[in-house]
file run29.txt (compact mmCIF, C-alpha atoms and all ligand atoms)
# COMPACT_ATOMS: atom_id res chain seq x y z
CA MET A 286 26.90 17.36 -14.48
CA LYS A 287 24.19 19.71 -13.26
CA LYS A 288 21.65 17.86 -15.35
CA THR A 289 22.70 14.55 -13.79
CA ILE A 290 22.38 15.96 -10.28
CA PHE A 291 18.90 17.28 -11.07
CA ALA A 292 17.94 13.94 -12.57
CA ILE A 293 19.11 12.16 -9.40
CA LEU A 294 17.33 14.68 -7.17
CA GLY A 295 14.20 14.21 -9.28
CA CYS A 296 14.32 10.45 -8.76
CA LEU A 297 14.86 10.86 -5.03
CA LEU A 298 11.91 13.24 -4.86
CA ILE A 299 9.70 10.74 -6.64
CA SER A 300 10.83 7.95 -4.35
CA PHE A 301 10.09 10.04 -1.27
CA THR A 302 6.75 11.35 -2.45
CA ALA A 303 5.17 8.28 -3.98
CA SER A 304 6.56 5.19 -2.32
CA GLY A 305 3.38 4.16 -0.50
CA TRP A 306 3.39 3.06 3.09
CA GLY A 307 6.93 3.04 4.38
CA ARG A 308 8.52 -0.20 5.51
CA GLU A 309 6.49 -0.29 8.74
CA GLY A 310 3.12 -0.01 7.02
CA HIS A 311 3.81 -2.48 4.21
CA GLU A 312 5.35 -5.12 6.46
CA THR A 313 2.50 -4.84 8.97
CA VAL A 314 -0.09 -5.29 6.19
CA ALA A 315 1.79 -8.38 5.02
CA LYS A 316 2.19 -9.73 8.57
CA ILE A 317 -1.57 -9.44 9.19
CA ALA A 318 -2.16 -11.22 5.88
CA GLU A 319 0.37 -13.92 6.75
CA ASN A 320 -1.39 -14.55 10.08
CA ASN A 321 -4.63 -15.12 8.16
CA LEU A 322 -3.30 -17.36 5.37
CA LYS A 323 -4.34 -20.99 5.27
CA PRO A 324 -1.24 -23.05 6.21
CA SER A 325 -1.26 -24.80 2.81
CA VAL A 326 -1.42 -21.44 0.98
CA LYS A 327 1.41 -19.99 3.08
CA LYS A 328 3.56 -23.00 2.28
CA LYS A 329 2.83 -22.83 -1.45
CA ILE A 330 3.53 -19.09 -1.67
CA GLU A 331 6.79 -19.36 0.28
CA LYS A 332 7.96 -22.10 -2.07
CA TYR A 333 7.60 -19.63 -4.98
CA LEU A 334 9.29 -16.88 -2.94
CA GLY A 335 12.40 -19.02 -2.50
CA GLY A 336 11.58 -19.86 1.12
CA LYS A 337 11.01 -16.21 2.12
CA SER A 338 7.75 -14.88 3.55
CA ILE A 339 5.29 -12.36 2.09
CA VAL A 340 6.47 -9.96 4.82
CA TYR A 341 10.01 -10.15 3.47
CA TYR A 342 8.82 -9.00 0.03
CA ALA A 343 6.17 -6.50 1.15
CA LYS A 344 8.20 -3.48 0.03
CA TRP A 345 9.90 -5.13 -2.93
CA MET A 346 7.98 -3.12 -5.56
CA ASP A 347 9.23 0.17 -4.10
CA ASP A 348 12.82 -1.07 -4.19
CA TYR A 349 12.63 -2.35 -7.77
CA ARG A 350 10.53 0.32 -9.49
CA HIS A 351 13.73 2.32 -10.05
CA THR A 352 15.44 -0.46 -12.02
CA PRO A 353 15.13 -0.47 -15.82
CA GLU A 354 13.47 -3.90 -15.67
CA TYR A 355 10.59 -2.72 -13.46
CA GLY A 356 10.40 0.95 -14.43
CA PHE A 357 7.05 0.27 -16.11
CA THR A 358 5.49 -0.33 -12.67
CA THR A 359 6.35 3.15 -11.32
CA GLY A 360 2.84 4.54 -11.86
CA TRP A 361 1.12 1.51 -10.34
CA HIS A 362 1.31 2.57 -6.69
CA VAL A 363 -1.70 4.92 -6.55
CA ASN A 364 -5.35 4.94 -7.68
CA TYR A 365 -7.33 7.86 -9.08
CA ALA A 366 -10.94 8.78 -8.30
CA ASP A 367 -13.16 11.10 -10.33
CA ALA A 368 -15.27 13.83 -8.70
CA ASP A 369 -17.91 11.21 -7.75
CA GLY A 370 -15.35 8.90 -6.18
CA ASN A 371 -15.35 6.35 -9.01
CA TYR A 372 -12.16 4.59 -10.04
CA VAL A 373 -10.51 6.14 -13.09
CA HIS A 374 -7.88 4.07 -14.88
CA ASP A 375 -4.71 5.97 -15.80
CA GLU A 376 -4.10 4.73 -19.32
CA LYS A 377 -0.64 6.27 -19.58
CA SER A 378 1.08 5.12 -16.38
CA GLY A 379 -1.28 2.49 -15.01
CA ASP A 380 -2.40 2.42 -11.37
CA ALA A 381 -2.67 0.02 -8.43
CA ILE A 382 -5.96 -1.56 -9.51
CA TYR A 383 -4.65 -1.99 -13.05
CA GLY A 384 -1.48 -3.72 -11.78
CA LEU A 385 -3.41 -5.74 -9.24
CA GLU A 386 -6.04 -7.00 -11.67
CA GLN A 387 -3.34 -8.05 -14.12
CA ALA A 388 -1.42 -9.88 -11.40
CA ILE A 389 -4.59 -11.57 -10.13
CA GLY A 390 -5.46 -12.62 -13.69
CA ASN A 391 -1.99 -14.13 -14.10
CA LEU A 392 -2.09 -15.93 -10.75
CA GLU A 393 -5.49 -17.44 -11.50
CA ASN A 394 -3.54 -19.68 -13.89
CA TYR A 395 -0.38 -19.86 -11.81
CA LYS A 396 0.25 -23.51 -12.59
CA GLU A 397 0.81 -22.56 -16.22
CA LEU A 398 3.38 -19.86 -15.38
CA SER A 399 7.09 -20.19 -14.75
CA ASP A 400 8.11 -20.14 -11.07
CA SER A 401 9.73 -16.72 -11.47
CA ALA A 402 6.57 -15.28 -13.10
CA VAL A 403 4.47 -16.59 -10.19
CA ALA A 404 6.92 -15.03 -7.72
CA VAL A 405 6.85 -11.58 -9.31
CA ASN A 406 3.05 -11.56 -9.53
CA ILE A 407 2.83 -12.51 -5.84
CA LYS A 408 5.15 -9.58 -5.06
CA TYR A 409 2.86 -7.23 -7.04
CA VAL A 410 -0.23 -8.41 -5.17
CA ILE A 411 1.36 -8.15 -1.71
CA HIS A 412 2.49 -4.59 -2.33
CA LEU A 413 -0.40 -3.13 -4.31
CA VAL A 414 -3.14 -4.22 -1.90
CA GLY A 415 -1.10 -2.37 0.75
CA ASP A 416 -0.52 0.74 -1.35
CA MET A 417 -4.14 1.17 -2.41
CA HIS A 418 -5.16 1.43 1.27
CA CYS A 419 -2.68 4.22 2.06
CA PRO A 420 -4.65 7.50 2.34
CA ALA A 421 -2.03 9.39 0.30
CA HIS A 422 -2.42 6.87 -2.50
CA VAL A 423 -6.09 7.57 -3.01
CA LYS A 424 -5.87 10.41 -5.55
CA TYR A 425 -8.95 12.63 -5.47
CA ALA A 426 -10.06 14.75 -8.42
CA VAL A 427 -11.49 17.28 -5.97
CA HIS A 428 -8.52 17.71 -3.58
CA ASP A 429 -5.05 19.24 -3.92
CA GLN A 430 -2.62 16.64 -2.51
CA LYS A 431 0.65 18.43 -3.22
CA TYR A 432 0.97 20.73 -0.20
CA LYS A 433 3.30 20.47 2.80
CA VAL A 434 2.65 19.96 6.49
CA ARG A 435 4.79 19.94 9.66
CA ILE A 436 5.14 17.03 12.04
CA GLY A 437 7.23 17.99 15.06
CA SER A 438 10.00 20.20 13.67
CA GLU A 439 9.98 18.53 10.25
CA THR A 440 8.29 19.96 7.15
CA MET A 441 7.30 17.31 4.62
CA PRO A 442 4.95 16.77 1.67
CA VAL A 443 1.52 15.73 2.94
CA HIS A 444 2.01 12.54 0.92
CA THR A 445 5.06 11.63 3.03
CA ALA A 446 3.14 12.40 6.20
CA TRP A 447 0.59 9.70 5.34
CA ASP A 448 3.15 7.26 3.88
CA ASP A 449 5.18 7.05 7.06
CA GLY A 450 5.60 10.47 8.73
CA ILE A 451 2.64 10.00 11.08
CA ILE A 452 3.61 6.38 11.77
CA LYS A 453 7.21 7.33 12.62
CA ALA A 454 6.00 10.09 14.96
CA THR A 455 3.70 7.78 16.90
CA ARG A 456 4.51 4.07 16.59
CA TYR A 457 7.51 2.00 17.69
CA PHE A 458 6.11 -1.49 17.16
CA SER A 459 7.82 -4.04 14.95
CA ALA A 460 5.61 -5.31 12.12
CA THR A 461 4.93 -8.48 14.12
CA GLU A 462 3.96 -6.56 17.25
CA TRP A 463 1.83 -4.04 15.38
CA ALA A 464 0.03 -6.78 13.43
CA GLY A 465 -0.68 -8.55 16.73
CA GLU A 466 -2.17 -5.38 18.21
CA LEU A 467 -4.37 -4.63 15.18
CA ASP A 468 -5.58 -8.07 14.11
CA ARG A 469 -7.97 -8.75 16.98
CA LEU A 470 -11.41 -8.65 15.38
CA ASP A 471 -13.76 -11.60 15.63
CA ALA A 472 -13.81 -13.94 12.65
CA ARG A 473 -17.15 -12.75 11.31
CA THR A 474 -16.14 -9.05 11.28
CA SER A 475 -12.80 -9.90 9.68
CA ARG A 476 -14.54 -11.91 6.96
CA ALA A 477 -16.96 -9.05 6.22
CA ILE A 478 -14.04 -6.61 5.80
CA ALA A 479 -12.23 -8.96 3.43
CA GLU A 480 -15.20 -9.40 1.08
CA GLY A 481 -15.37 -7.84 -2.37
CA SER A 482 -12.97 -7.01 -5.18
CA PRO A 483 -10.13 -4.45 -5.39
CA ARG A 484 -12.61 -2.06 -7.02
CA ASP A 485 -14.98 -2.42 -4.04
CA TRP A 486 -12.06 -1.85 -1.68
CA PHE A 487 -11.11 1.31 -3.56
CA ARG A 488 -14.67 2.67 -3.16
CA ASP A 489 -14.36 2.01 0.56
CA CYS A 490 -10.93 3.73 0.69
CA VAL A 491 -12.21 6.80 -1.19
CA GLY A 492 -14.87 7.19 1.50
CA THR A 493 -12.80 6.45 4.60
CA CYS A 494 -9.67 8.35 3.56
CA ALA A 495 -11.34 11.66 2.61
CA VAL A 496 -11.03 12.80 6.22
CA GLN A 497 -7.24 13.12 5.68
CA PHE A 498 -7.74 16.68 4.37
CA GLU A 499 -9.28 17.74 7.68
CA ILE A 500 -6.49 16.07 9.67
CA THR A 501 -3.49 17.35 7.68
CA ARG A 502 -4.15 20.90 6.46
CA PRO A 503 -2.03 22.87 3.96
CA GLY A 504 1.01 24.51 5.59
CA GLU A 505 -0.13 23.62 9.10
CA GLN A 506 1.41 21.81 12.03
CA VAL A 507 -0.02 18.34 12.59
CA THR A 508 -1.01 18.57 16.27
CA GLN A 509 -1.36 15.80 18.82
CA ASP A 510 -5.15 16.09 18.39
CA ASP A 511 -4.66 15.52 14.64
CA LEU A 512 -2.40 12.53 15.28
CA ASN A 513 -5.01 11.08 17.62
CA ILE A 514 -7.44 10.92 14.67
CA ALA A 515 -4.83 10.05 12.02
CA VAL A 516 -3.40 6.97 13.75
CA PRO A 517 -6.73 5.09 14.09
CA LEU A 518 -7.42 5.80 10.40
CA ILE A 519 -4.00 4.47 9.40
CA GLU A 520 -4.36 1.43 11.62
CA SER A 521 -7.82 0.68 10.26
CA GLN A 522 -6.51 0.95 6.67
CA ILE A 523 -3.56 -1.34 7.45
CA LEU A 524 -5.85 -3.92 9.06
CA LYS A 525 -8.30 -3.85 6.14
CA ALA A 526 -5.43 -4.22 3.66
CA GLY A 527 -3.98 -7.17 5.58
CA LEU A 528 -7.28 -9.04 5.85
CA ARG A 529 -8.14 -8.39 2.20
CA LEU A 530 -4.68 -9.49 1.05
CA ALA A 531 -5.06 -12.76 2.97
CA GLU A 532 -8.51 -13.40 1.47
CA LEU A 533 -7.18 -12.72 -2.02
CA LEU A 534 -4.17 -15.04 -1.64
CA ASN A 535 -6.26 -17.77 0.03
CA GLY A 536 -8.58 -17.64 -2.98
CA LEU A 537 -5.78 -17.73 -5.55
CA PHE A 538 -3.70 -20.62 -4.18
ZN ZN B 601 4.47 1.52 -3.39
call {"tool": "encode", "arguments": {"input": "run29.txt", "output": "structure tokens"}}
result
Amino acid sequence: MKKTIFAILGCLLISFTASGWGREGHETVAKIAENNLKPSVKKKIEKYLGGKSIVYYAKWMDDYRHTPEYGFTTGWHVNYADADGNYVHDEKSGDAIYGLEQAIGNLENYKELSDSAVAVNIKYVIHLVGDMHCPAHVKYAVHDQKYKVRIGSETMPVHTAWDDGIIKATRYFSATEWAGELDRLDARTSRAIAEGSPRDWFRDCVGTCAVQFEITRPGEQVTQDDLNIAVPLIESQILKAGLRLAELLNGLF
């Protein structure tokens, strides 16, 4: 009995500490992407998703990683960098770039796949582009990322703070509203952000997200001044993820 309870607690802990952006972040990434999809691509993708949108399935991977069928994807939600900031593939559990590159490879020949295989690979792409832009999901060789911080009166793992703790403390937009507020760059700037491959995007994330260790410090309260720096970083990461996801899907379909 005790063992079972510990096993359940262990699973809960994993789901809280490594789920990626919470619902708000993932759905906003997908909404920005949806707003930038070519109409023909949007229509094609929604046909494979049974009439649902990419926003509807933005968090699907977090909900299904706990099922026996998709347990093998549990390690896919983060990426690891070596001391020089280069991508390091986790051969044992996989990682976001590994999952993403496989899904992209599959979707490049989507006409040869079954409809259900196309659908699941779309769900991987939607989610993993989001996850890899979450500061907590950039795993640095040179930083401890297992400490706790306080936001308001709540103590939480620093990972949770960046997944959704900071968002919940500061933002009350729906995904549609938030996407509308963030996605306001001119077309040329948006296109420049969306360029490159997932490996290029990871390099960019390693650089931009390193400031997280100055914003959320071990054992410390996250102050309003910290939040004032954290929120623009989060919003910039969400916008980049959304624009890059759109570019990727527009290229695939
Ligand atoms: Zn995730």
call {"tool": "residues_around", "arguments": {"input": "run29.txt", "residues": "Ile519 (chain A)", "least_positions_apart": "2", "cutoff": "10 Å", "atoms": "all atoms listed in the file", "output": "list in words"}}
result
Trp306, Gly310, His418, Cys419, Pro420, Trp447, Asp448, Asp449, Ile451, Ile452, Cys494, Gln497, Ile514, Ala515, Val516, Pro517, Ser521, Gln522, Ile523, Leu524 and Lys525 of chain A
call {"tool": "residues_near_ligand", "arguments": {"input": "run29.txt", "ligand": "ligand ZN 601 (chain B)", "cutoff": "8 Å", "atoms": "all atoms listed in the file", "output": "JSON, numbers by chain"}}
result
{"A": [303, 304, 305, 306, 344, 346, 347, 361, 362, 363, 412, 413, 415, 416]}
call {"tool": "atom_distance", "arguments": {"input": "run29.txt", "atom1": "CA of Gly527 (chain A)", "atom2": "CA of Ala421 (chain A)"}}
result
17.5 Å
call {"tool": "residues_around", "arguments": {"input": "run29.txt", "residues": "Pro324 (chain A)", "least_positions_apart": "5", "cutoff": "10 Å", "atoms": "all atoms listed in the file", "output": "number ranges by chain"}}
result
A: 319, 329, 535
call {"tool": "closest_residue", "arguments": {"input": "run29.txt", "among": "A:Asn364, A:Thr358, A:Ser401, A:Thr352", "to": "Gly335 (chain A)", "atoms": "all atoms listed in the file"}}
result
A:Ser401
call {"tool": "residues_around", "arguments": {"input": "run29.txt", "residues": "Ala404 (chain A)", "least_positions_apart": "5", "cutoff": "9 Å", "atoms": "all atoms listed in the file", "output": "PyMOL selection string"}}
result
chain A and resi 330+333-335+399+409
call {"tool": "write_last_selection", "arguments": {"input": "run29.txt", "atoms": "C-alpha atoms", "output": "short mmCIF file (atom, residue, chain, number, x, y, z; two decimals), in the frame of the given file"}}
result
data_model
loop_
_atom_site.label_atom_id
_atom_site.label_comp_id
_atom_site.auth_asym_id
_atom_site.auth_seq_id
_atom_site.Cartn_x
_atom_site.Cartn_y
_atom_site.Cartn_z
CA ILE A 330 3.53 -19.09 -1.67
CA TYR A 333 7.60 -19.63 -4.98
CA LEU A 334 9.29 -16.88 -2.94
CA GLY A 335 12.40 -19.02 -2.50
CA SER A 399 7.09 -20.19 -14.75
CA TYR A 409 2.86 -7.23 -7.04
#
call {"tool": "closest_residue", "arguments": {"input": "run29.txt", "among": "A:Arg529, A:Arg502, A:Arg484, A:Lys453", "to": "Tyr383 (chain A)", "atoms": "all atoms listed in the file"}}
result
A:Arg484
call {"tool": "residues_around", "arguments": {"input": "run29.txt", "residues": "region 468-473 of chain A", "least_positions_apart": "5", "cutoff": "9 Å", "atoms": "all atoms listed in the file", "output": "PDB file with C-alpha atoms, keeping the file's coordinate frame"}}
result
ATOM      1  CA  ILE A 317      -1.570  -9.440   9.190  1.00  0.00           C
ATOM      2  CA  ASN A 320      -1.390 -14.550  10.080  1.00  0.00           C
ATOM      3  CA  TRP A 463       1.830  -4.040  15.380  1.00  0.00           C
ATOM      4  CA  ILE A 478     -14.040  -6.610   5.800  1.00  0.00           C
ATOM      5  CA  LEU A 524      -5.850  -3.920   9.060  1.00  0.00           C
ATOM      6  CA  GLY A 527      -3.980  -7.170   5.580  1.00  0.00           C
ATOM      7  CA  LEU A 528      -7.280  -9.040   5.850  1.00  0.00           C
TER       8      LEU A 528
END
call {"tool": "atom_distance", "arguments": {"input": "run29.txt", "atom1": "CA of Ala381 (chain A)", "atom2": "CA of Tyr457 (chain A)"}}
result
28.1 Å
call {"tool": "atom_distance", "arguments": {"input": "run29.txt", "atom1": "CA of Lys377 (chain A)", "atom2": "CA of Leu537 (chain A)"}}
result
28.3 Å
call {"tool": "closest_residue", "arguments": {"input": "run29.txt", "among": "A:Leu530, A:Asp380, A:Ile411, A:Arg456", "to": "Asn513 (chain A)", "atoms": "only C-alpha atoms"}}
result
A:Arg456
call {"tool": "closest_residue", "arguments": {"input": "run29.txt", "among": "A:Val405, A:Ala479, A:Ala368, A:Val443", "to": "Glu532 (chain A)", "atoms": "all atoms listed in the file"}}
result
A:Ala479
call {"tool": "closest_residue", "arguments": {"input": "run29.txt", "among": "A:Ala426, A:Ile436, A:Val314, A:Ile339", "to": "Thr508 (chain A)", "atoms": "all atoms listed in the file"}}
result
A:Ile436
call {"tool": "build_atoms", "arguments": {"input": "run29.txt", "residues": "region 388-399 of chain A", "atoms": "all heavy atoms", "output": "PDB file, keeping the file's coordinate frame"}}
result
ATOM      1  N   ALA A 388      -2.122  -8.864 -12.193  1.00  0.00           N
ATOM      2  CA  ALA A 388      -1.420  -9.880 -11.400  1.00  0.00           C
ATOM      3  C   ALA A 388      -2.375 -10.982 -10.958  1.00  0.00           C
ATOM      4  O   ALA A 388      -2.048 -12.176 -11.012  1.00  0.00           O
ATOM      5  CB  ALA A 388      -0.746  -9.232 -10.194  1.00  0.00           C
ATOM      6  N   ILE A 389      -3.581 -10.583 -10.546  1.00  0.00           N
ATOM      7  CA  ILE A 389      -4.590 -11.570 -10.130  1.00  0.00           C
ATOM      8  C   ILE A 389      -4.940 -12.473 -11.311  1.00  0.00           C
ATOM      9  O   ILE A 389      -4.999 -13.697 -11.192  1.00  0.00           O
ATOM     10  CB  ILE A 389      -5.850 -10.871  -9.570  1.00  0.00           C
ATOM     11  CG1 ILE A 389      -5.518 -10.158  -8.255  1.00  0.00           C
ATOM     12  CG2 ILE A 389      -6.984 -11.874  -9.374  1.00  0.00           C
ATOM     13  CD1 ILE A 389      -6.602  -9.199  -7.774  1.00  0.00           C
ATOM     14  N   GLY A 390      -5.146 -11.856 -12.473  1.00  0.00           N
ATOM     15  CA  GLY A 390      -5.460 -12.620 -13.690  1.00  0.00           C
ATOM     16  C   GLY A 390      -4.357 -13.632 -13.992  1.00  0.00           C
ATOM     17  O   GLY A 390      -4.638 -14.790 -14.335  1.00  0.00           O
ATOM     18  N   ASN A 391      -3.111 -13.208 -13.848  1.00  0.00           N
ATOM     19  CA  ASN A 391      -1.990 -14.130 -14.100  1.00  0.00           C
ATOM     20  C   ASN A 391      -1.971 -15.268 -13.083  1.00  0.00           C
ATOM     21  O   ASN A 391      -1.773 -16.425 -13.430  1.00  0.00           O
ATOM     22  CB  ASN A 391      -0.656 -13.370 -14.029  1.00  0.00           C
ATOM     23  CG  ASN A 391      -0.499 -12.394 -15.178  1.00  0.00           C
ATOM     24  OD1 ASN A 391      -1.098 -12.572 -16.236  1.00  0.00           O
ATOM     25  ND2 ASN A 391       0.308 -11.357 -14.976  1.00  0.00           N
ATOM     26  N   LEU A 392      -2.203 -14.907 -11.806  1.00  0.00           N
ATOM     27  CA  LEU A 392      -2.090 -15.930 -10.750  1.00  0.00           C
ATOM     28  C   LEU A 392      -3.272 -16.904 -10.758  1.00  0.00           C
ATOM     29  O   LEU A 392      -3.171 -17.992 -10.195  1.00  0.00           O
ATOM     30  CB  LEU A 392      -1.962 -15.254  -9.374  1.00  0.00           C
ATOM     31  CG  LEU A 392      -0.627 -14.533  -9.139  1.00  0.00           C
ATOM     32  CD1 LEU A 392      -0.636 -13.803  -7.808  1.00  0.00           C
ATOM     33  CD2 LEU A 392       0.553 -15.493  -9.215  1.00  0.00           C
ATOM     34  N   GLU A 393      -4.366 -16.504 -11.388  1.00  0.00           N
ATOM     35  CA  GLU A 393      -5.490 -17.440 -11.500  1.00  0.00           C
ATOM     36  C   GLU A 393      -5.090 -18.683 -12.293  1.00  0.00           C
ATOM     37  O   GLU A 393      -5.699 -19.737 -12.161  1.00  0.00           O
ATOM     38  CB  GLU A 393      -6.705 -16.737 -12.132  1.00  0.00           C
ATOM     39  CG  GLU A 393      -7.479 -15.931 -11.081  1.00  0.00           C
ATOM     40  CD  GLU A 393      -8.505 -14.978 -11.672  1.00  0.00           C
ATOM     41  OE1 GLU A 393      -8.540 -14.800 -12.909  1.00  0.00           O
ATOM     42  OE2 GLU A 393      -9.255 -14.385 -10.872  1.00  0.00           O
ATOM     43  N   ASN A 394      -4.074 -18.519 -13.133  1.00  0.00           N
ATOM     44  CA  ASN A 394      -3.540 -19.680 -13.890  1.00  0.00           C
ATOM     45  C   ASN A 394      -2.093 -19.939 -13.496  1.00  0.00           C
ATOM     46  O   ASN A 394      -1.248 -20.207 -14.343  1.00  0.00           O
ATOM     47  CB  ASN A 394      -3.609 -19.388 -15.395  1.00  0.00           C
ATOM     48  CG  ASN A 394      -5.024 -19.082 -15.838  1.00  0.00           C
ATOM     49  OD1 ASN A 394      -5.931 -19.869 -15.610  1.00  0.00           O
ATOM     50  ND2 ASN A 394      -5.222 -17.920 -16.432  1.00  0.00           N
ATOM     51  N   TYR A 395      -1.795 -19.835 -12.214  1.00  0.00           N
ATOM     52  CA  TYR A 395      -0.380 -19.860 -11.810  1.00  0.00           C
ATOM     53  C   TYR A 395       0.337 -21.158 -12.165  1.00  0.00           C
ATOM     54  O   TYR A 395       1.550 -21.156 -12.379  1.00  0.00           O
ATOM     55  CB  TYR A 395      -0.232 -19.533 -10.318  1.00  0.00           C
ATOM     56  CG  TYR A 395      -0.621 -20.631  -9.363  1.00  0.00           C
ATOM     57  CD1 TYR A 395       0.339 -21.544  -8.914  1.00  0.00           C
ATOM     58  CD2 TYR A 395      -1.925 -20.769  -8.905  1.00  0.00           C
ATOM     59  CE1 TYR A 395      -0.008 -22.556  -8.030  1.00  0.00           C
ATOM     60  CE2 TYR A 395      -2.276 -21.774  -8.033  1.00  0.00           C
ATOM     61  CZ  TYR A 395      -1.324 -22.664  -7.597  1.00  0.00           C
ATOM     62  OH  TYR A 395      -1.672 -23.660  -6.731  1.00  0.00           O
ATOM     63  N   LYS A 396      -0.411 -22.228 -12.279  1.00  0.00           N
ATOM     64  CA  LYS A 396       0.250 -23.510 -12.590  1.00  0.00           C
ATOM     65  C   LYS A 396       0.813 -23.517 -14.009  1.00  0.00           C
ATOM     66  O   LYS A 396       1.678 -24.328 -14.329  1.00  0.00           O
ATOM     67  CB  LYS A 396      -0.743 -24.662 -12.399  1.00  0.00           C
ATOM     68  CG  LYS A 396      -0.962 -24.948 -10.922  1.00  0.00           C
ATOM     69  CD  LYS A 396      -1.847 -26.130 -10.679  1.00  0.00           C
ATOM     70  CE  LYS A 396      -2.045 -26.322  -9.186  1.00  0.00           C
ATOM     71  NZ  LYS A 396      -3.304 -26.961  -8.858  1.00  0.00           N
ATOM     72  N   GLU A 397       0.306 -22.620 -14.846  1.00  0.00           N
ATOM     73  CA  GLU A 397       0.810 -22.560 -16.220  1.00  0.00           C
ATOM     74  C   GLU A 397       1.962 -21.584 -16.373  1.00  0.00           C
ATOM     75  O   GLU A 397       2.541 -21.457 -17.447  1.00  0.00           O
ATOM     76  CB  GLU A 397      -0.329 -22.146 -17.169  1.00  0.00           C
ATOM     77  CG  GLU A 397      -1.383 -23.227 -17.306  1.00  0.00           C
ATOM     78  CD  GLU A 397      -2.704 -22.692 -17.826  1.00  0.00           C
ATOM     79  OE1 GLU A 397      -2.690 -21.719 -18.600  1.00  0.00           O
ATOM     80  OE2 GLU A 397      -3.746 -23.252 -17.424  1.00  0.00           O
ATOM     81  N   LEU A 398       2.300 -20.853 -15.305  1.00  0.00           N
ATOM     82  CA  LEU A 398       3.380 -19.860 -15.380  1.00  0.00           C
ATOM     83  C   LEU A 398       4.701 -20.454 -14.902  1.00  0.00           C
ATOM     84  O   LEU A 398       4.716 -21.454 -14.188  1.00  0.00           O
ATOM     85  CB  LEU A 398       3.054 -18.654 -14.488  1.00  0.00           C
ATOM     86  CG  LEU A 398       1.774 -17.870 -14.762  1.00  0.00           C
ATOM     87  CD1 LEU A 398       1.652 -16.729 -13.758  1.00  0.00           C
ATOM     88  CD2 LEU A 398       1.761 -17.314 -16.183  1.00  0.00           C
ATOM     89  N   SER A 399       5.793 -19.795 -15.297  1.00  0.00           N
ATOM     90  CA  SER A 399       7.090 -20.190 -14.750  1.00  0.00           C
ATOM     91  C   SER A 399       7.133 -19.803 -13.273  1.00  0.00           C
ATOM     92  O   SER A 399       6.391 -18.912 -12.833  1.00  0.00           O
ATOM     93  CB  SER A 399       8.215 -19.468 -15.501  1.00  0.00           C
ATOM     94  OG  SER A 399       8.161 -18.085 -15.207  1.00  0.00           O
TER      95      SER A 399
END
